[in-house]
Structures are given as structure tokens and as C-alpha cells.
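Input: a single structure, listed below in C-alpha cells.
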Amino acid sequence: MIRVAISDDHALVREGLQRILRERGFEIVGEAANGVEAVALVEKHHPDVILLDISMPEKDGIEATREIVALDVGTRVLILTMHTDEHYALRALRAGALGFILKDAKAEQLVNAIERVKQGKRYLPPDLERSFAEKYLQPEALDEPAKKLSNREFEVMCMLAMGLTNREIADKLTISVKTVDSHRSHVLKKLQLRNNSDITRYAIQHGFINV
């Protein structure tokens, strides 16, 4: 029996996943509502696989993945997210996740993903596997400065590049305008940029947004 942990900041999502997996013979060892809890859960229970959302409070899924991999307790990370942009998959895989699956996937696809990841095999959405795999194998798929951004900073950068205001970003991410401004400052500093126009040019040049 495969032992699974679930980490998502939405209780309904966690409950739904537990029901689906228990009906199919998986053992649920625990659940977490944020990245900090997810790392602690893995450290305590050593599940075979943890389903990890990317956008979570306290610590995002990318950072949590790095810490879980560093624990070296044998837990495999499967990212479960609504983000369809392949750059999120690249960041997750480079952080140490073995799989990446979308939340709108069918139950049997999720089961297949968990089983593959448990065996130490990579799982990617079938329709995007070739694109993901090719870019994952390219060391320069994300340039060095971009790798320094946290997942939330990456989200803010892309939204700024698309022309959203700080208030609009705050509303979409359910955070304060002050927090958005703080993330913006970190983006500018880490990427050595001066203003939003520079952010837009940078995002377009590196293919982070479509124009």
C-alpha cells in the first residue's frame, strides 16, 4: 500500500483527494495546509509520496519541495496544481519534484502519477511531456537570475509584466498591496532591473509571458 500525504491550502481539495485515494487503496498519512506544515509532515511520517500544491501560504510548493528533498527520507514529491504554464513545471522539476500534474486531471491519471513517482519515475502531463522534458533537460531553460526568484516572486513578476497593477495582483493572490510591493522590490533587485518596463521586457525575452 502506497502511503500518501496531501498538502493544499484548500480544505475541500484535501478532502476530495483523500476520498479519491482511499477509495483506490492508498493510505493517507496526513495533510497540510501550507508549505511549512508539509515539510514537518514529511519529516514526521516519511510518506512514500506527497501531493504538493504550488501556491500555498507560509512557504510555497517550490521551496517546500527543495526542503523535502533535502530531508532525504525517501519521500517523492508530486506537484498537483492549477498552473498550466510550463515554466511552473520546470521550476518544480528543478527543485526536485518527480512529477507534475494538473488539478483537472482524471482520477486514474492521478493514480498513475502517484504510482510512477513512487517507483522513482518522472510523471508529466501526456500532452505536454515532450515540451517539458526537452526544456527540463536544458540547463539554461531558466537563466540563473530567474532561478533565484521564489514562486510568489515569479508570479508577481509575470503579472506585472502583463500590465496588472499592484492592487489587481493583490486581489488575485489574496495578499496585501504592501506585500506585492515587497515582492516587486525583490524581483527588481534579484534580476537587476529598474522598473516595470524592464520587468515586461525581461519576461517577454525569456518567454515567461505571451504577447
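Here, A, B, ... name the chains of the C-alpha cells in the order displayed, residue numbers run from 1 inside each chain, and ligands are numbered from 1 in the same displayed order.
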Just list as a ChimeraX atom specification whatever in segment 6-196 of chain A DSSP marks as strand (DSSP E).
/A:6-7,27-32,49-52,76-81,99-102
Within 12 Å of segment 19-23 of chain A using only C-alpha atoms, minus same-chain residues under 6 positions, as a ChimeraX atom specification:
/A:1-6,12-13,29,51,106-112,114-115
List as a PyMOL selection string the protein and nucleic acid residues near segment 144-154 of chain A, meaning an atom at most 6 Å away when only C-alpha atoms are counted, but skip any in the same chain fewer than 2 places from it.
chain A and resi 156-157+183+191
Near Leu80 of chain A, within 10 Å and counting only C-alpha atoms, which residues show up once chain neighbours fewer than 5 positions away are dropped, as a PyMOL selection string?
chain A and resi 6-8+50-54+61+99-105+110
Which of segment 3-204 of chain A DSSP labels alpha helix (DSSP H), written as a ChimeraX atom specification
/A:11-23,35-45,61-71,86-95,107-118,129-136,144-147,151-161,166-173,177-191,196-204
With C-alpha atoms retained, export the selected residues as a tab-separated table (two decimals), in the first residue's frame.
```
chain	number	residue	atom	x	y	z
A	11	ALA	CA	-9.71	22.09	2.75
A	12	LEU	CA	-12.22	20.96	0.12
A	13	VAL	CA	-9.40	19.96	-2.23
A	14	ARG	CA	-7.72	17.95	0.52
A	15	GLU	CA	-10.96	16.21	1.43
A	16	GLY	CA	-11.69	15.37	-2.20
A	17	LEU	CA	-8.23	13.95	-2.77
A	18	GLN	CA	-8.42	11.86	0.40
A	19	ARG	CA	-11.72	10.36	-0.70
A	20	ILE	CA	-10.47	9.56	-4.21
A	21	LEU	CA	-7.25	7.96	-2.99
A	22	ARG	CA	-8.74	5.98	-0.10
A	23	GLU	CA	-11.32	4.50	-2.47
A	35	GLY	CA	4.43	24.57	2.92
A	36	VAL	CA	5.75	24.73	6.47
A	37	GLU	CA	3.26	22.09	7.62
A	38	ALA	CA	4.10	19.98	4.56
A	39	VAL	CA	7.80	19.82	5.40
A	40	ALA	CA	7.02	18.96	9.03
A	41	LEU	CA	4.57	16.27	7.90
A	42	VAL	CA	7.18	14.60	5.72
A	43	GLU	CA	9.82	14.83	8.43
A	44	LYS	CA	7.49	13.10	10.92
A	45	HIS	CA	5.72	10.46	8.80
A	61	GLY	CA	5.38	24.44	-3.02
A	62	ILE	CA	8.67	25.06	-4.82
A	63	GLU	CA	10.50	25.99	-1.62
A	64	ALA	CA	8.81	23.16	0.27
A	65	THR	CA	9.93	20.72	-2.43
A	66	ARG	CA	13.56	21.76	-2.01
A	67	GLU	CA	13.35	21.25	1.76
A	68	ILE	CA	11.56	17.91	1.47
A	69	VAL	CA	14.17	16.62	-0.97
A	70	ALA	CA	16.91	17.85	1.37
A	71	LEU	CA	15.40	15.81	4.24
A	86	GLU	CA	5.19	25.03	-18.39
A	87	HIS	CA	7.60	27.30	-16.52
A	88	TYR	CA	5.95	26.22	-13.27
A	89	ALA	CA	6.65	22.61	-14.18
A	90	LEU	CA	10.26	23.43	-14.94
A	91	ARG	CA	10.70	25.17	-11.61
A	92	ALA	CA	9.09	22.26	-9.76
A	93	LEU	CA	11.22	19.64	-11.50
A	94	ARG	CA	14.40	21.59	-10.96
A	95	ALA	CA	13.52	21.92	-7.28
A	107	ALA	CA	-8.67	10.34	-11.02
A	108	GLU	CA	-6.97	7.48	-12.88
A	109	GLN	CA	-4.31	9.86	-14.19
A	110	LEU	CA	-3.61	10.92	-10.62
A	111	VAL	CA	-3.34	7.30	-9.52
A	112	ASN	CA	-0.95	6.58	-12.39
A	113	ALA	CA	1.13	9.63	-11.49
A	114	ILE	CA	1.42	8.59	-7.84
A	115	GLU	CA	2.39	5.03	-8.76
A	116	ARG	CA	5.06	6.20	-11.22
A	117	VAL	CA	6.53	8.73	-8.81
A	118	LYS	CA	6.58	6.10	-6.03
A	129	GLU	CA	5.52	15.73	-21.73
A	130	ARG	CA	7.75	16.30	-24.76
A	131	SER	CA	7.94	20.06	-24.27
A	132	PHE	CA	8.54	19.75	-20.52
A	133	ALA	CA	11.15	17.02	-20.88
A	134	GLU	CA	13.12	18.89	-23.51
A	135	LYS	CA	13.25	22.09	-21.50
A	136	TYR	CA	13.91	20.24	-18.24
A	144	GLU	CA	20.39	31.98	-13.31
A	145	PRO	CA	18.71	35.22	-12.08
A	146	ALA	CA	15.22	33.79	-12.64
A	147	LYS	CA	16.10	30.68	-10.62
A	151	ASN	CA	7.41	31.04	-6.69
A	152	ARG	CA	5.42	34.02	-5.41
A	153	GLU	CA	8.01	36.48	-6.78
A	154	PHE	CA	7.81	34.67	-10.12
A	155	GLU	CA	4.01	35.01	-10.11
A	156	VAL	CA	4.20	38.72	-9.27
A	157	MET	CA	6.83	39.29	-11.96
A	158	CYS	CA	4.63	37.69	-14.63
A	159	MET	CA	1.56	39.64	-13.56
A	160	LEU	CA	3.46	42.93	-13.53
A	161	ALA	CA	4.80	42.09	-16.99
A	166	ASN	CA	-0.28	46.15	-7.55
A	167	ARG	CA	-3.90	46.28	-6.36
A	168	GLU	CA	-5.05	43.85	-9.07
A	169	ILE	CA	-2.21	41.47	-8.22
A	170	ALA	CA	-3.02	41.70	-4.51
A	171	ASP	CA	-6.66	40.81	-5.22
A	172	LYS	CA	-5.75	37.85	-7.45
A	173	LEU	CA	-3.23	36.40	-4.99
A	177	VAL	CA	-0.67	45.61	-1.71
A	178	LYS	CA	2.28	46.14	0.63
A	179	THR	CA	3.29	42.50	0.18
A	180	VAL	CA	3.03	42.83	-3.60
A	181	ASP	CA	5.27	45.90	-3.48
A	182	SER	CA	7.76	43.95	-1.38
A	183	HIS	CA	7.81	41.10	-3.91
A	184	ARG	CA	8.24	43.63	-6.72
A	185	SER	CA	11.26	45.12	-4.95
A	186	HIS	CA	12.80	41.66	-4.58
A	187	VAL	CA	12.21	40.93	-8.27
A	188	LEU	CA	13.87	44.18	-9.34
A	189	LYS	CA	16.85	43.53	-7.08
A	190	LYS	CA	17.36	39.86	-7.96
A	191	LEU	CA	17.01	40.45	-11.71
A	196	ASN	CA	8.07	47.68	-14.57
A	197	SER	CA	9.04	48.31	-18.19
A	198	ASP	CA	12.26	46.39	-17.60
A	199	ILE	CA	10.25	43.58	-15.99
A	200	THR	CA	7.98	43.38	-19.04
A	201	ARG	CA	10.93	43.26	-21.46
A	202	TYR	CA	12.66	40.61	-19.35
A	203	ALA	CA	9.56	38.41	-19.15
A	204	ILE	CA	8.95	38.64	-22.90
```
Of the residues A:Pro57, A:Gly30, A:Gly207, A:Gly96, which is the one nearest to Arg76 of chain A, using only C-alpha atoms?
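With only C-alpha atoms as the atom set, the closest residue is A:Gly96.
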To one decimal place, how far is atom CA of His10 of chain A from atom CA of Asp72 of chain A in Å?
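Taking atom CA of His10 of chain A as the start and atom CA of Asp72 of chain A as the end point, the length is 27.1 Å.
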